[in-house]
Amino acid sequence: MGMFNMSGVKDAKVVSNSFLKAGIHDVIFKSIDKSETMNAIELRFEAVDGSGIHIERIWEPRSAERTQSQFGANPSEQEQFMCKIKQVIDALDPALSKRLETDGDKFQAPDFDSFVKLLKKYLDKSVGTQTQIKLVPTNGNYVGFPTFIASLTKEGVLYMKTRVIGEGLTLNAKEATAIENAKNAKPTAMKPTNDGELDDLKADFNDVNDDEDVADDFAKMPF
């Protein structure tokens with residue numbers, strides 16, 4: 001191909017550095033790595049239409065023990081983690097997913113770092129794959145995959161109650177409500193003050209140039 005040939009850039013587009021909001025998004029899988037500062041797997045996605053990016057962090061599980069609540073047993077952190085990994089593999093590498101149905105015991109590693117390297121070895125081949133991801137409010141203004149996607153039957157059988165990545169995603173009632181509540185959330189009103197403190201503050205700033213424009217930039221990273 002010659003140097004001055006437009007075919008090489010025909011699919012290139014401007015991609016916003018904005019982070020995707022809660023909802024279901026058509027995305028392209030861009031990378032998988034271990035976080036440089038946290039014990040987490042980082043999956044990077046880019047919206048198909050260029051409207052934003054999302055970095056999903058799947059945290060290293062701290063325990064393989066199931067917990068008990070008033071409603072019964074709950075899956076362990078390790079089970080929640082592995083269910084998310086299974087869904088990621090299902091969506092990004094269906095051939096590997098099929099192999100794991102019979103040879104799942106072979107896909108293992110002695111520690112978290114080794115497991116990330118093993119996962120990266122396979123999923124690096126899937127960079128560029130188009131899929132869908134589901135993002136819900138997780139902490140304040142942050143959004144990410146639903147946190148608890150696994151559950152247990154009364155008999156203690158593990159199952160997944162929602163899908164977070166893959167084609168044809170839908171929101172369940174709980175997820176839709178969480179997104180709607182986040183949209184309608186209002187800032188906490190400040191308590192009025194009558195003790196003259198505001199007047200004192202105004203006096204302190206009488207000499208400030210009215211034309212001076214001061215702005216604070218806040219960088220927000222979703223978890």
# chains A, B, ... in the order shown; residues from 1 in each chain; ligands from 1
>>> residues_around(residues="Thr37 (chain A)", least_positions_apart="4", cutoff="12 Å", atoms="only C-alpha atoms", output="PyMOL selection string")
chain A and resi 33+41-42+57+59
>>> closest_atom_pairs(of="region 73-95 of chain A", to="region 149-173 of chain A", cutoff="8 Å", atoms="only C-alpha atoms", output="tab-separated table")
residue	atom	partner	partner_atom	distance
A:Ala73	CA	A:Leu152	CA	7.0
A:Asn74	CA	A:Leu152	CA	6.4
A:Pro75	CA	A:Ser151	CA	5.9
A:Glu79	CA	A:Ala150	CA	7.4
A:Gln80	CA	A:Ala150	CA	5.7
A:Cys83	CA	A:Ala150	CA	6.8
A:Lys84	CA	A:Ile149	CA	7.5
A:Gln87	CA	A:Ile165	CA	6.4
A:Val88	CA	A:Ile165	CA	6.4
A:Asp90	CA	A:Gly166	CA	7.5
A:Ala91	CA	A:Gly166	CA	4.8
A:Leu92	CA	A:Gly166	CA	7.9
>>> write_last_selection(atoms="C-alpha atoms", output="PDB file, in the first residue's frame")
ATOM      1  CA  ALA A  73     -25.526 -18.902  52.366  1.00  0.00           C
ATOM      2  CA  ASN A  74     -23.823 -16.477  49.971  1.00  0.00           C
ATOM      3  CA  PRO A  75     -21.153 -17.234  47.346  1.00  0.00           C
ATOM      4  CA  GLU A  79     -16.799 -17.636  43.361  1.00  0.00           C
ATOM      5  CA  GLN A  80     -18.025 -14.121  42.465  1.00  0.00           C
ATOM      6  CA  CYS A  83     -18.104 -16.126  37.616  1.00  0.00           C
ATOM      7  CA  LYS A  84     -17.138 -12.718  36.203  1.00  0.00           C
ATOM      8  CA  GLN A  87     -18.509 -14.358  31.528  1.00  0.00           C
ATOM      9  CA  VAL A  88     -15.556 -12.367  30.160  1.00  0.00           C
ATOM     10  CA  ASP A  90     -17.588 -16.492  27.179  1.00  0.00           C
ATOM     11  CA  ALA A  91     -17.960 -13.085  25.522  1.00  0.00           C
ATOM     12  CA  LEU A  92     -14.434 -12.552  24.205  1.00  0.00           C
TER      13      LEU A  92
END
>>> select_by_dssp(residues="region 43-183 of chain A", states="helix (DSSP H, G or I)", output="PyMOL selection string")
chain A and resi 77-92+94-106+112-126+173-183
>>> atom_distance(atom1="CA of Ala40 (chain A)", atom2="CA of Phe81 (chain A)")
10.5 Å
>>> residues_around(residues="region 44-46 of chain A", least_positions_apart="4", cutoff="7 Å", atoms="only C-alpha atoms", output="JSON, numbers by chain")
{"A": [27, 28, 29, 30, 31, 32, 50, 52, 53, 54, 55, 56]}
>>> atom_distance(atom1="CA of Lys121 (chain A)", atom2="CA of Asn39 (chain A)")
18.4 Å
>>> atom_distance(atom1="CA of Asn5 (chain A)", atom2="CA of Asp124 (chain A)")
28.7 Å
>>> select_by_dssp(residues="region 116-156 of chain A", states="strand (DSSP E or B)", output="count of residues only")
16
